[in-house]
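Enquirer: Dropping in my_file_2.txt, with compact mmCIF, N, CA and C atoms.
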# COMPACT_ATOMS: atom_id res chain seq x y z
N ALA A 1 -5.07 9.01 20.47
CA ALA A 1 -5.63 10.31 20.21
C ALA A 1 -6.03 10.98 21.52
N VAL A 2 -5.97 12.27 21.53
CA VAL A 2 -6.37 13.04 22.70
C VAL A 2 -7.56 13.91 22.29
N TYR A 3 -8.61 13.87 23.07
CA TYR A 3 -9.79 14.66 22.78
C TYR A 3 -10.00 15.66 23.91
N LEU A 4 -10.05 16.92 23.57
CA LEU A 4 -10.28 17.96 24.56
C LEU A 4 -11.77 18.18 24.73
N ARG A 5 -12.19 18.33 25.95
CA ARG A 5 -13.61 18.57 26.23
C ARG A 5 -13.75 19.99 26.76
N ASN A 6 -14.93 20.55 26.58
CA ASN A 6 -15.22 21.91 27.04
C ASN A 6 -14.22 22.92 26.49
N TRP A 7 -13.87 22.76 25.26
CA TRP A 7 -12.96 23.67 24.60
C TRP A 7 -13.78 24.44 23.58
N PRO A 8 -13.62 25.69 23.34
CA PRO A 8 -12.50 26.55 23.68
C PRO A 8 -12.60 27.26 25.03
N ALA A 9 -13.65 27.03 25.79
CA ALA A 9 -13.76 27.68 27.10
C ALA A 9 -14.34 26.68 28.09
N GLU A 10 -13.90 26.77 29.34
CA GLU A 10 -14.34 25.82 30.35
C GLU A 10 -15.85 25.82 30.54
N ASN A 11 -16.50 26.96 30.30
CA ASN A 11 -17.95 27.01 30.49
C ASN A 11 -18.73 26.62 29.24
N CYS A 12 -18.05 26.09 28.25
CA CYS A 12 -18.70 25.63 27.02
C CYS A 12 -19.17 24.19 27.23
N GLN A 13 -20.37 24.04 27.77
CA GLN A 13 -20.90 22.70 28.03
C GLN A 13 -21.82 22.29 26.90
N ARG A 14 -21.40 21.28 26.13
CA ARG A 14 -22.19 20.82 25.00
C ARG A 14 -23.29 19.86 25.44
N VAL A 15 -23.11 19.24 26.57
CA VAL A 15 -24.12 18.33 27.11
C VAL A 15 -24.54 18.90 28.46
N ALA A 16 -25.84 19.08 28.67
CA ALA A 16 -26.33 19.68 29.91
C ALA A 16 -25.75 18.98 31.13
N GLY A 17 -25.20 19.76 32.04
CA GLY A 17 -24.65 19.22 33.28
C GLY A 17 -23.26 18.61 33.15
N ASP A 18 -22.69 18.64 31.95
CA ASP A 18 -21.37 18.05 31.72
C ASP A 18 -20.30 19.06 32.12
N ILE A 19 -19.72 18.88 33.28
CA ILE A 19 -18.71 19.83 33.74
C ILE A 19 -17.32 19.21 33.80
N THR A 20 -17.16 18.07 33.13
CA THR A 20 -15.85 17.42 33.13
C THR A 20 -14.88 18.21 32.28
N TRP A 21 -13.63 17.95 32.47
CA TRP A 21 -12.58 18.69 31.81
C TRP A 21 -11.46 17.74 31.47
N TYR A 22 -10.70 18.02 30.44
CA TYR A 22 -9.54 17.21 30.08
C TYR A 22 -8.51 17.29 31.21
N PRO A 23 -7.78 16.23 31.56
CA PRO A 23 -7.81 14.93 30.90
C PRO A 23 -8.95 14.04 31.41
N LYS A 24 -9.36 13.16 30.58
CA LYS A 24 -10.43 12.22 30.89
C LYS A 24 -9.82 10.82 30.83
N GLU A 25 -10.25 9.96 31.74
CA GLU A 25 -9.71 8.60 31.74
C GLU A 25 -10.07 7.87 30.44
N ALA A 26 -9.27 6.87 30.09
CA ALA A 26 -9.52 6.09 28.88
C ALA A 26 -10.85 5.35 29.00
N VAL A 27 -11.52 5.15 27.89
CA VAL A 27 -12.78 4.43 27.89
C VAL A 27 -12.70 3.26 26.92
N THR A 28 -13.50 2.25 27.17
CA THR A 28 -13.57 1.09 26.29
C THR A 28 -14.55 1.39 25.17
N ALA A 29 -14.22 1.01 23.95
CA ALA A 29 -15.10 1.26 22.81
C ALA A 29 -16.44 0.57 23.02
N SER A 30 -17.50 1.31 22.82
CA SER A 30 -18.85 0.76 22.93
C SER A 30 -19.79 1.69 22.18
N GLU A 31 -21.05 1.32 22.13
CA GLU A 31 -22.07 2.17 21.48
C GLU A 31 -22.07 3.57 22.11
N ASP A 32 -21.74 3.65 23.39
CA ASP A 32 -21.75 4.93 24.11
C ASP A 32 -20.52 5.79 23.87
N THR A 33 -19.52 5.26 23.18
CA THR A 33 -18.29 6.03 22.99
C THR A 33 -18.17 6.63 21.60
N TYR A 34 -19.24 6.57 20.81
CA TYR A 34 -19.22 7.27 19.53
C TYR A 34 -19.09 8.76 19.78
N MET A 35 -18.53 9.45 18.79
CA MET A 35 -18.35 10.90 18.89
C MET A 35 -19.23 11.62 17.88
N THR A 36 -19.45 12.88 18.15
CA THR A 36 -20.03 13.78 17.15
C THR A 36 -18.86 14.44 16.44
N LEU A 37 -18.89 14.43 15.12
CA LEU A 37 -17.87 15.12 14.34
C LEU A 37 -18.43 16.47 13.94
N VAL A 38 -17.80 17.54 14.41
CA VAL A 38 -18.23 18.90 14.07
C VAL A 38 -17.27 19.42 13.00
N VAL A 39 -17.84 19.71 11.83
CA VAL A 39 -17.04 20.22 10.71
C VAL A 39 -17.33 21.71 10.57
N THR A 40 -16.32 22.52 10.81
CA THR A 40 -16.43 23.96 10.64
C THR A 40 -16.10 24.26 9.18
N ASP A 41 -17.11 24.69 8.45
CA ASP A 41 -16.98 24.93 7.02
C ASP A 41 -17.22 26.41 6.75
N PHE A 42 -16.45 26.97 5.84
CA PHE A 42 -16.59 28.38 5.54
C PHE A 42 -17.34 28.61 4.23
N GLY A 43 -17.63 27.54 3.49
CA GLY A 43 -18.50 27.60 2.34
C GLY A 43 -18.01 28.40 1.16
N ASP A 44 -16.76 28.81 1.18
CA ASP A 44 -16.28 29.63 0.06
C ASP A 44 -14.90 29.24 -0.44
N ASN A 45 -14.37 28.15 0.07
CA ASN A 45 -13.03 27.73 -0.32
C ASN A 45 -13.10 26.67 -1.42
N VAL A 46 -12.29 26.84 -2.43
CA VAL A 46 -12.24 25.89 -3.53
C VAL A 46 -10.88 25.19 -3.51
N ALA A 47 -10.92 23.86 -3.50
CA ALA A 47 -9.69 23.07 -3.50
C ALA A 47 -9.17 22.93 -4.93
N GLU A 48 -8.02 22.28 -5.08
CA GLU A 48 -7.48 22.02 -6.41
C GLU A 48 -8.51 21.23 -7.21
N GLY A 49 -8.58 21.50 -8.49
CA GLY A 49 -9.52 20.81 -9.35
C GLY A 49 -10.89 21.45 -9.38
N GLY A 50 -11.08 22.54 -8.63
CA GLY A 50 -12.33 23.29 -8.69
C GLY A 50 -13.43 22.81 -7.77
N GLU A 51 -13.20 21.75 -6.98
CA GLU A 51 -14.26 21.31 -6.07
C GLU A 51 -14.18 22.08 -4.75
N LEU A 52 -15.33 22.25 -4.11
CA LEU A 52 -15.34 22.90 -2.80
C LEU A 52 -14.59 22.05 -1.79
N HIS A 53 -13.99 22.68 -0.81
CA HIS A 53 -13.26 21.95 0.22
C HIS A 53 -14.16 20.93 0.93
N ILE A 54 -15.44 21.24 1.10
CA ILE A 54 -16.33 20.31 1.78
C ILE A 54 -16.44 19.00 0.99
N HIS A 55 -16.44 19.08 -0.34
CA HIS A 55 -16.48 17.87 -1.16
C HIS A 55 -15.18 17.07 -1.02
N ALA A 56 -14.06 17.76 -1.04
CA ALA A 56 -12.77 17.09 -0.87
C ALA A 56 -12.70 16.43 0.51
N PHE A 57 -13.19 17.13 1.53
CA PHE A 57 -13.18 16.57 2.89
C PHE A 57 -14.05 15.32 2.98
N MET A 58 -15.27 15.39 2.45
CA MET A 58 -16.19 14.25 2.52
C MET A 58 -15.65 13.07 1.73
N ARG A 59 -15.07 13.32 0.57
CA ARG A 59 -14.49 12.24 -0.22
C ARG A 59 -13.37 11.56 0.57
N SER A 60 -12.51 12.36 1.20
CA SER A 60 -11.42 11.81 2.00
C SER A 60 -11.95 11.00 3.19
N LEU A 61 -13.00 11.49 3.84
CA LEU A 61 -13.59 10.78 4.97
C LEU A 61 -14.16 9.43 4.52
N LYS A 62 -14.84 9.43 3.38
CA LYS A 62 -15.39 8.18 2.85
C LYS A 62 -14.28 7.20 2.48
N GLU A 63 -13.19 7.70 1.90
CA GLU A 63 -12.05 6.85 1.57
C GLU A 63 -11.42 6.26 2.83
N SER A 64 -11.34 7.06 3.88
CA SER A 64 -10.81 6.57 5.16
C SER A 64 -11.67 5.46 5.73
N GLU A 65 -12.99 5.66 5.67
CA GLU A 65 -13.89 4.64 6.18
C GLU A 65 -13.76 3.35 5.37
N SER A 66 -13.69 3.46 4.06
CA SER A 66 -13.53 2.27 3.21
C SER A 66 -12.25 1.53 3.54
N PHE A 67 -11.16 2.27 3.72
CA PHE A 67 -9.89 1.64 4.06
C PHE A 67 -10.00 0.92 5.41
N LEU A 68 -10.56 1.59 6.41
CA LEU A 68 -10.70 0.97 7.72
C LEU A 68 -11.57 -0.29 7.66
N GLU A 69 -12.65 -0.22 6.90
CA GLU A 69 -13.53 -1.38 6.77
C GLU A 69 -12.80 -2.56 6.14
N SER A 70 -11.83 -2.28 5.27
CA SER A 70 -11.08 -3.37 4.64
C SER A 70 -10.03 -3.96 5.57
N GLN A 71 -9.75 -3.26 6.66
CA GLN A 71 -8.70 -3.71 7.58
C GLN A 71 -9.22 -4.44 8.82
N VAL A 72 -10.49 -4.30 9.11
CA VAL A 72 -11.04 -4.91 10.32
C VAL A 72 -12.28 -5.73 9.96
N THR A 73 -12.62 -6.66 10.82
CA THR A 73 -13.83 -7.44 10.59
C THR A 73 -15.03 -6.68 11.15
N ALA A 74 -16.20 -7.00 10.66
CA ALA A 74 -17.42 -6.29 11.05
C ALA A 74 -17.64 -6.33 12.56
N GLN A 75 -17.33 -7.45 13.20
CA GLN A 75 -17.57 -7.53 14.64
C GLN A 75 -16.61 -6.64 15.44
N ASP A 76 -15.53 -6.18 14.82
CA ASP A 76 -14.61 -5.27 15.51
C ASP A 76 -15.12 -3.84 15.52
N CYS A 77 -16.11 -3.55 14.70
CA CYS A 77 -16.63 -2.19 14.59
C CYS A 77 -17.97 -2.11 15.31
N ILE A 78 -18.06 -1.27 16.30
CA ILE A 78 -19.31 -1.06 17.02
C ILE A 78 -20.36 -0.57 16.03
N GLY A 79 -21.48 -1.24 15.96
CA GLY A 79 -22.52 -0.83 15.03
C GLY A 79 -22.12 -0.99 13.58
N LYS A 80 -21.06 -1.76 13.32
CA LYS A 80 -20.55 -2.00 11.96
C LYS A 80 -20.11 -0.71 11.27
N ASN A 81 -19.71 0.28 12.03
CA ASN A 81 -19.23 1.53 11.50
C ASN A 81 -17.74 1.62 11.83
N ALA A 82 -16.89 1.70 10.80
CA ALA A 82 -15.44 1.71 11.03
C ALA A 82 -14.95 3.02 11.62
N LEU A 83 -15.69 4.10 11.40
CA LEU A 83 -15.31 5.39 11.98
C LEU A 83 -16.01 5.57 13.32
N PRO A 84 -15.42 6.32 14.23
CA PRO A 84 -16.02 6.47 15.57
C PRO A 84 -17.14 7.51 15.65
N PHE A 85 -17.68 7.92 14.52
CA PHE A 85 -18.67 9.00 14.51
C PHE A 85 -20.07 8.47 14.25
N LYS A 86 -20.97 8.80 15.14
CA LYS A 86 -22.37 8.45 14.96
C LYS A 86 -23.09 9.55 14.18
N ARG A 87 -22.61 10.77 14.36
CA ARG A 87 -23.27 11.93 13.76
C ARG A 87 -22.23 12.96 13.36
N MET A 88 -22.48 13.62 12.24
CA MET A 88 -21.63 14.71 11.80
C MET A 88 -22.49 15.95 11.66
N VAL A 89 -21.98 17.06 12.16
CA VAL A 89 -22.65 18.35 12.01
C VAL A 89 -21.72 19.25 11.22
N VAL A 90 -22.16 19.68 10.05
CA VAL A 90 -21.39 20.61 9.25
C VAL A 90 -21.97 21.99 9.49
N VAL A 91 -21.18 22.86 10.11
CA VAL A 91 -21.62 24.22 10.42
C VAL A 91 -21.00 25.14 9.37
N THR A 92 -21.86 25.80 8.61
CA THR A 92 -21.36 26.62 7.51
C THR A 92 -21.82 28.07 7.65
N LYS A 93 -21.43 28.91 6.71
CA LYS A 93 -21.54 30.37 6.87
C LYS A 93 -22.96 30.92 6.93
N ASP A 94 -23.93 30.27 6.24
CA ASP A 94 -25.28 30.81 6.25
C ASP A 94 -26.28 29.72 5.85
N GLU A 95 -27.57 30.03 5.99
CA GLU A 95 -28.62 29.05 5.71
C GLU A 95 -28.66 28.67 4.24
N GLU A 96 -28.38 29.60 3.35
CA GLU A 96 -28.38 29.29 1.92
C GLU A 96 -27.36 28.20 1.58
N THR A 97 -26.16 28.32 2.14
CA THR A 97 -25.12 27.31 1.91
C THR A 97 -25.52 25.98 2.54
N ALA A 98 -26.04 26.03 3.77
CA ALA A 98 -26.47 24.80 4.45
C ALA A 98 -27.57 24.10 3.64
N ALA A 99 -28.53 24.87 3.12
CA ALA A 99 -29.62 24.29 2.33
C ALA A 99 -29.08 23.64 1.06
N GLY A 100 -28.12 24.26 0.42
CA GLY A 100 -27.51 23.68 -0.77
C GLY A 100 -26.80 22.37 -0.46
N TYR A 101 -26.09 22.33 0.66
CA TYR A 101 -25.41 21.10 1.08
C TYR A 101 -26.42 19.98 1.35
N ARG A 102 -27.56 20.33 1.96
CA ARG A 102 -28.58 19.32 2.27
C ARG A 102 -29.10 18.64 1.01
N LEU A 103 -29.14 19.36 -0.09
CA LEU A 103 -29.63 18.82 -1.35
C LEU A 103 -28.58 18.01 -2.12
N ASP A 104 -27.33 18.11 -1.71
CA ASP A 104 -26.21 17.46 -2.40
C ASP A 104 -26.02 16.05 -1.84
N THR A 105 -26.49 15.06 -2.55
CA THR A 105 -26.43 13.67 -2.04
C THR A 105 -25.01 13.14 -1.93
N THR A 106 -24.04 13.76 -2.60
CA THR A 106 -22.65 13.30 -2.48
C THR A 106 -22.06 13.63 -1.11
N LEU A 107 -22.75 14.48 -0.35
CA LEU A 107 -22.26 14.87 0.97
C LEU A 107 -22.84 14.00 2.10
N GLN A 108 -23.59 12.97 1.75
CA GLN A 108 -24.15 12.05 2.74
C GLN A 108 -23.21 10.86 2.93
N ILE A 109 -23.21 10.30 4.13
CA ILE A 109 -22.39 9.13 4.42
C ILE A 109 -23.30 8.04 4.97
N GLU A 110 -23.28 6.89 4.32
CA GLU A 110 -24.14 5.79 4.73
C GLU A 110 -23.82 5.38 6.18
N GLY A 111 -24.86 5.22 6.97
CA GLY A 111 -24.70 4.79 8.36
C GLY A 111 -24.38 5.90 9.34
N MET A 112 -24.34 7.15 8.86
CA MET A 112 -24.04 8.28 9.74
C MET A 112 -25.06 9.38 9.50
N VAL A 113 -25.56 9.97 10.55
CA VAL A 113 -26.43 11.13 10.42
C VAL A 113 -25.55 12.33 10.09
N VAL A 114 -25.86 13.03 9.00
CA VAL A 114 -25.10 14.21 8.62
C VAL A 114 -26.07 15.39 8.57
N ASP A 115 -25.84 16.36 9.46
CA ASP A 115 -26.69 17.56 9.52
C ASP A 115 -25.90 18.76 9.03
N PHE A 116 -26.56 19.62 8.29
CA PHE A 116 -25.94 20.85 7.79
C PHE A 116 -26.69 22.02 8.41
N VAL A 117 -25.98 22.86 9.15
CA VAL A 117 -26.62 23.98 9.85
C VAL A 117 -25.86 25.28 9.57
N ALA A 118 -26.58 26.39 9.69
CA ALA A 118 -25.97 27.71 9.53
C ALA A 118 -25.31 28.13 10.85
N ARG A 119 -24.16 28.73 10.75
CA ARG A 119 -23.42 29.20 11.93
C ARG A 119 -24.19 30.28 12.66
N ASP A 120 -24.16 30.23 13.96
CA ASP A 120 -24.73 31.28 14.81
C ASP A 120 -23.60 32.27 15.08
N TRP A 121 -23.53 33.32 14.27
CA TRP A 121 -22.44 34.29 14.37
C TRP A 121 -22.46 35.08 15.67
N SER A 122 -23.58 35.06 16.40
CA SER A 122 -23.63 35.78 17.67
C SER A 122 -22.72 35.14 18.72
N MET A 123 -22.31 33.89 18.48
CA MET A 123 -21.42 33.20 19.42
C MET A 123 -19.99 33.69 19.29
N GLY A 124 -19.68 34.36 18.20
CA GLY A 124 -18.31 34.79 17.95
C GLY A 124 -17.79 34.09 16.71
N SER A 125 -16.53 33.76 16.71
CA SER A 125 -15.90 33.14 15.54
C SER A 125 -16.33 31.69 15.38
N ALA A 126 -15.88 31.09 14.29
CA ALA A 126 -16.20 29.69 14.00
C ALA A 126 -15.65 28.74 15.06
N TRP A 127 -14.65 29.15 15.83
CA TRP A 127 -14.11 28.29 16.88
C TRP A 127 -15.17 27.96 17.93
N PHE A 128 -16.21 28.78 18.01
CA PHE A 128 -17.25 28.54 19.00
C PHE A 128 -18.41 27.72 18.44
N ASP A 129 -18.25 27.13 17.25
CA ASP A 129 -19.29 26.28 16.68
C ASP A 129 -19.69 25.16 17.64
N ILE A 130 -18.74 24.63 18.39
CA ILE A 130 -19.03 23.52 19.30
C ILE A 130 -19.88 23.96 20.49
N CYS A 131 -19.90 25.24 20.79
CA CYS A 131 -20.69 25.74 21.92
C CYS A 131 -22.09 26.17 21.52
N SER A 132 -22.32 26.30 20.23
CA SER A 132 -23.57 26.86 19.73
C SER A 132 -24.73 25.88 19.84
N PRO A 133 -25.90 26.36 20.24
CA PRO A 133 -27.08 25.49 20.29
C PRO A 133 -27.45 24.91 18.92
N VAL A 134 -27.11 25.58 17.81
CA VAL A 134 -27.44 25.04 16.50
C VAL A 134 -26.66 23.77 16.19
N THR A 135 -25.51 23.61 16.82
CA THR A 135 -24.70 22.42 16.60
C THR A 135 -25.31 21.21 17.30
N ALA A 136 -25.89 21.41 18.46
CA ALA A 136 -26.61 20.36 19.19
C ALA A 136 -25.79 19.09 19.37
N ILE A 137 -24.61 19.22 19.95
CA ILE A 137 -23.80 18.04 20.25
C ILE A 137 -24.46 17.28 21.40
N THR A 138 -24.75 16.02 21.17
CA THR A 138 -25.45 15.22 22.18
C THR A 138 -24.59 14.09 22.73
N THR A 139 -23.40 13.93 22.19
CA THR A 139 -22.50 12.89 22.70
C THR A 139 -21.50 13.51 23.66
N PRO A 140 -21.02 12.74 24.64
CA PRO A 140 -20.06 13.31 25.58
C PRO A 140 -18.69 13.56 24.93
N TRP A 141 -18.43 12.93 23.80
CA TRP A 141 -17.15 13.11 23.10
C TRP A 141 -17.42 13.73 21.74
N PHE A 142 -16.48 14.55 21.27
CA PHE A 142 -16.63 15.17 19.96
C PHE A 142 -15.25 15.36 19.35
N MET A 143 -15.23 15.64 18.07
CA MET A 143 -14.02 16.03 17.37
C MET A 143 -14.41 17.19 16.45
N GLN A 144 -13.61 18.22 16.42
CA GLN A 144 -13.88 19.36 15.54
C GLN A 144 -12.79 19.45 14.49
N VAL A 145 -13.20 19.64 13.24
CA VAL A 145 -12.26 19.81 12.13
C VAL A 145 -12.74 20.97 11.26
N THR A 146 -11.86 21.47 10.42
CA THR A 146 -12.26 22.48 9.44
C THR A 146 -12.13 21.86 8.07
N SER A 147 -13.07 22.20 7.18
CA SER A 147 -13.02 21.62 5.83
C SER A 147 -12.23 22.52 4.91
Please render this file's structure as structure tokens.
Expert:
Amino acid sequence: AVYLRNWPAENCQRVAGDITWYPKEAVTASEDTYMTLVVTDFGDNVAEGGELHIHAFMRSLKESESFLESQVTAQDCIGKNALPFKRMVVVTKDEETAAGYRLDTTLQIEGMVVDFVARDWSMGSAWFDICSPVTAITTPWFMQVTS
């Protein structure tokens, strides 16, 4: 996998003083190599079957973790977590949607911190969620997806 840093703009520093840029040398898996998963959610899309895309995404993520856990031994997983994410931040359209997600226990993942925050529209489009202070990415590595 390839992870881009400081994207979408070179001056988008998610960690204070982090001025590195892709490409980055390979790293060995450790507690320090966990990533923050940033989920850009629009809060208004309905998948097949009538469920919100965020529910379909979380269900798929949980299924992926279960599959990975069945394929590796516990000692192969740093912190016994089969996915490389220590924290997930779901950035959605407004505080009302974020508050609703916080109350939905089906959107939680055991062993992972999951935060739901309202998008800071002053930053521009949703592509800038990773640059926003509300996202608060604290790991040097991240992955951004849309639900």
Enquirer: Quote the spacing between atom N of A:Pro140 and atom N of A:Val91 in Å to one decimal place.
Expert: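 Taking atom N of A:Pro140 and atom N of A:Val91, their separation equals 17.7 Å.
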Enquirer: From the list A:Cys131, A:Val38, A:Leu83, A:Ile54, which residue is nearest A:Gly100 when using only C-alpha atoms?
Expert: A:Ile54
Enquirer: Between A:Val134, A:Ile109, A:Arg87, A:Gly50, single out the one closest to A:Ser64, counting only C-alpha atoms.
Expert: A:Ile109
Enquirer: Rounded to one decimal, what separation in Å do you get between atom CA of A:Gly43 and atom N of A:Asp115?
Expert: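 Going from atom CA of A:Gly43 over to atom N of A:Asp115, I get 15.2 Å.
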Enquirer: As a list of chain:residue names, which residues of stretch 34-139 of chain A does DSSP assign to strand (DSSP E or B)?
Expert: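 Across stretch 34-139 of chain A, those assigned strand (DSSP E or B) are A:Met35, A:Thr36, A:Leu37, A:Val38, A:Val39, A:Thr40, A:Val46, A:Leu52, A:Phe85, A:Lys86, A:Arg87, A:Met88, A:Val89, A:Val90, A:Val91, A:Thr92, A:Val113, A:Val114, A:Asp115, A:Phe116, A:Val117, A:Ala118.
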Enquirer: Quick one: pull the distance between atom CA of A:Glu65 and atom CA of A:Ile137, Å, one decimal.
Expert: 21.8 Å
Enquirer: Check the smallest atom-to-atom distance from each of A:Gln144, A:Phe57, A:Glu69, A:Thr138 to A:Val39 using only C-alpha atoms, then report the winner.
Expert: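 Of all the options, A:Gln144 lies closest to A:Val39.
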Enquirer: Rank nothing, just name the residue among A:Met112, A:Ala56, A:Leu103, A:Met35 nearest to A:Pro84, using all atoms listed in the file.
Expert: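 Of the candidates, the smallest distance to A:Pro84 is held by A:Met35.
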Enquirer: Tell me which of A:Leu61, A:Ala118, A:Val113, A:Met143 sits closest to A:Glu95, counting all atoms listed in the file.
Expert: A:Ala118
Enquirer: Please determine, counting only C-alpha atoms, which residue among A:Leu37, A:Ala99, A:Leu52, A:Leu68 has the shortest atom-to-atom distance to A:Ala136.
Expert: A:Leu37
Enquirer: Going by DSSP on the backbone, which residues of stretch 83-122 of chain A come out as alpha helix (DSSP H)? List them as a PyMOL selection string.
Expert: chain A and resi 95-103
Enquirer: Copy stretch 58-108 of chain A out of the block into a file, keeping C-alpha atoms, as a compact mmCIF listing (two decimals), in the first residue's frame.
Expert:
# COMPACT_ATOMS: atom_id res chain seq x y z
CA MET A 58 -18.81 0.10 9.26
CA ARG A 59 -20.30 -3.36 8.72
CA SER A 60 -17.77 -4.01 5.95
CA LEU A 61 -14.90 -2.76 8.13
CA LYS A 62 -15.97 -5.05 10.98
CA GLU A 63 -16.22 -8.00 8.57
CA SER A 64 -12.71 -7.23 7.30
CA GLU A 65 -11.35 -7.16 10.83
CA SER A 66 -13.04 -10.47 11.67
CA PHE A 67 -11.61 -12.09 8.56
CA LEU A 68 -8.10 -10.80 9.30
CA GLU A 69 -8.33 -11.99 12.90
CA SER A 70 -9.19 -15.47 11.63
CA GLN A 71 -6.12 -15.48 9.40
CA VAL A 72 -3.41 -14.40 11.83
CA THR A 73 -2.44 -15.25 15.38
CA ALA A 74 -2.89 -12.68 18.15
CA GLN A 75 0.86 -12.15 18.53
CA ASP A 76 1.05 -11.12 14.86
CA CYS A 77 -1.25 -8.18 15.51
CA ILE A 78 0.20 -5.18 17.32
CA GLY A 79 -2.05 -4.53 20.28
CA LYS A 80 -4.15 -7.55 19.18
CA ASN A 81 -5.86 -5.38 16.57
CA ALA A 82 -5.93 -6.93 13.09
CA LEU A 83 -6.55 -3.58 11.40
CA PRO A 84 -3.80 -0.93 11.36
CA PHE A 85 -6.08 1.76 12.81
CA LYS A 86 -5.87 2.97 16.37
CA ARG A 87 -8.47 5.68 15.86
CA MET A 88 -11.19 6.49 13.37
CA VAL A 89 -12.58 9.96 12.80
CA VAL A 90 -15.87 10.17 10.93
CA VAL A 91 -16.29 13.70 9.58
CA THR A 92 -19.88 14.36 8.57
CA LYS A 93 -22.00 17.23 7.25
CA ASP A 94 -23.16 18.83 10.53
CA GLU A 95 -23.30 18.48 14.32
CA GLU A 96 -26.82 17.02 14.27
CA THR A 97 -25.65 14.10 12.11
CA ALA A 98 -22.48 13.63 14.19
CA ALA A 99 -24.55 13.59 17.41
CA GLY A 100 -26.88 10.97 15.95
CA TYR A 101 -23.93 8.78 14.97
CA ARG A 102 -22.47 9.08 18.49
CA LEU A 103 -25.68 7.59 19.91
CA ASP A 104 -25.70 4.69 17.43
CA THR A 105 -23.86 1.82 19.15
CA THR A 106 -23.69 -0.18 15.88
CA LEU A 107 -21.14 2.39 14.64
CA GLN A 108 -18.61 1.57 17.39
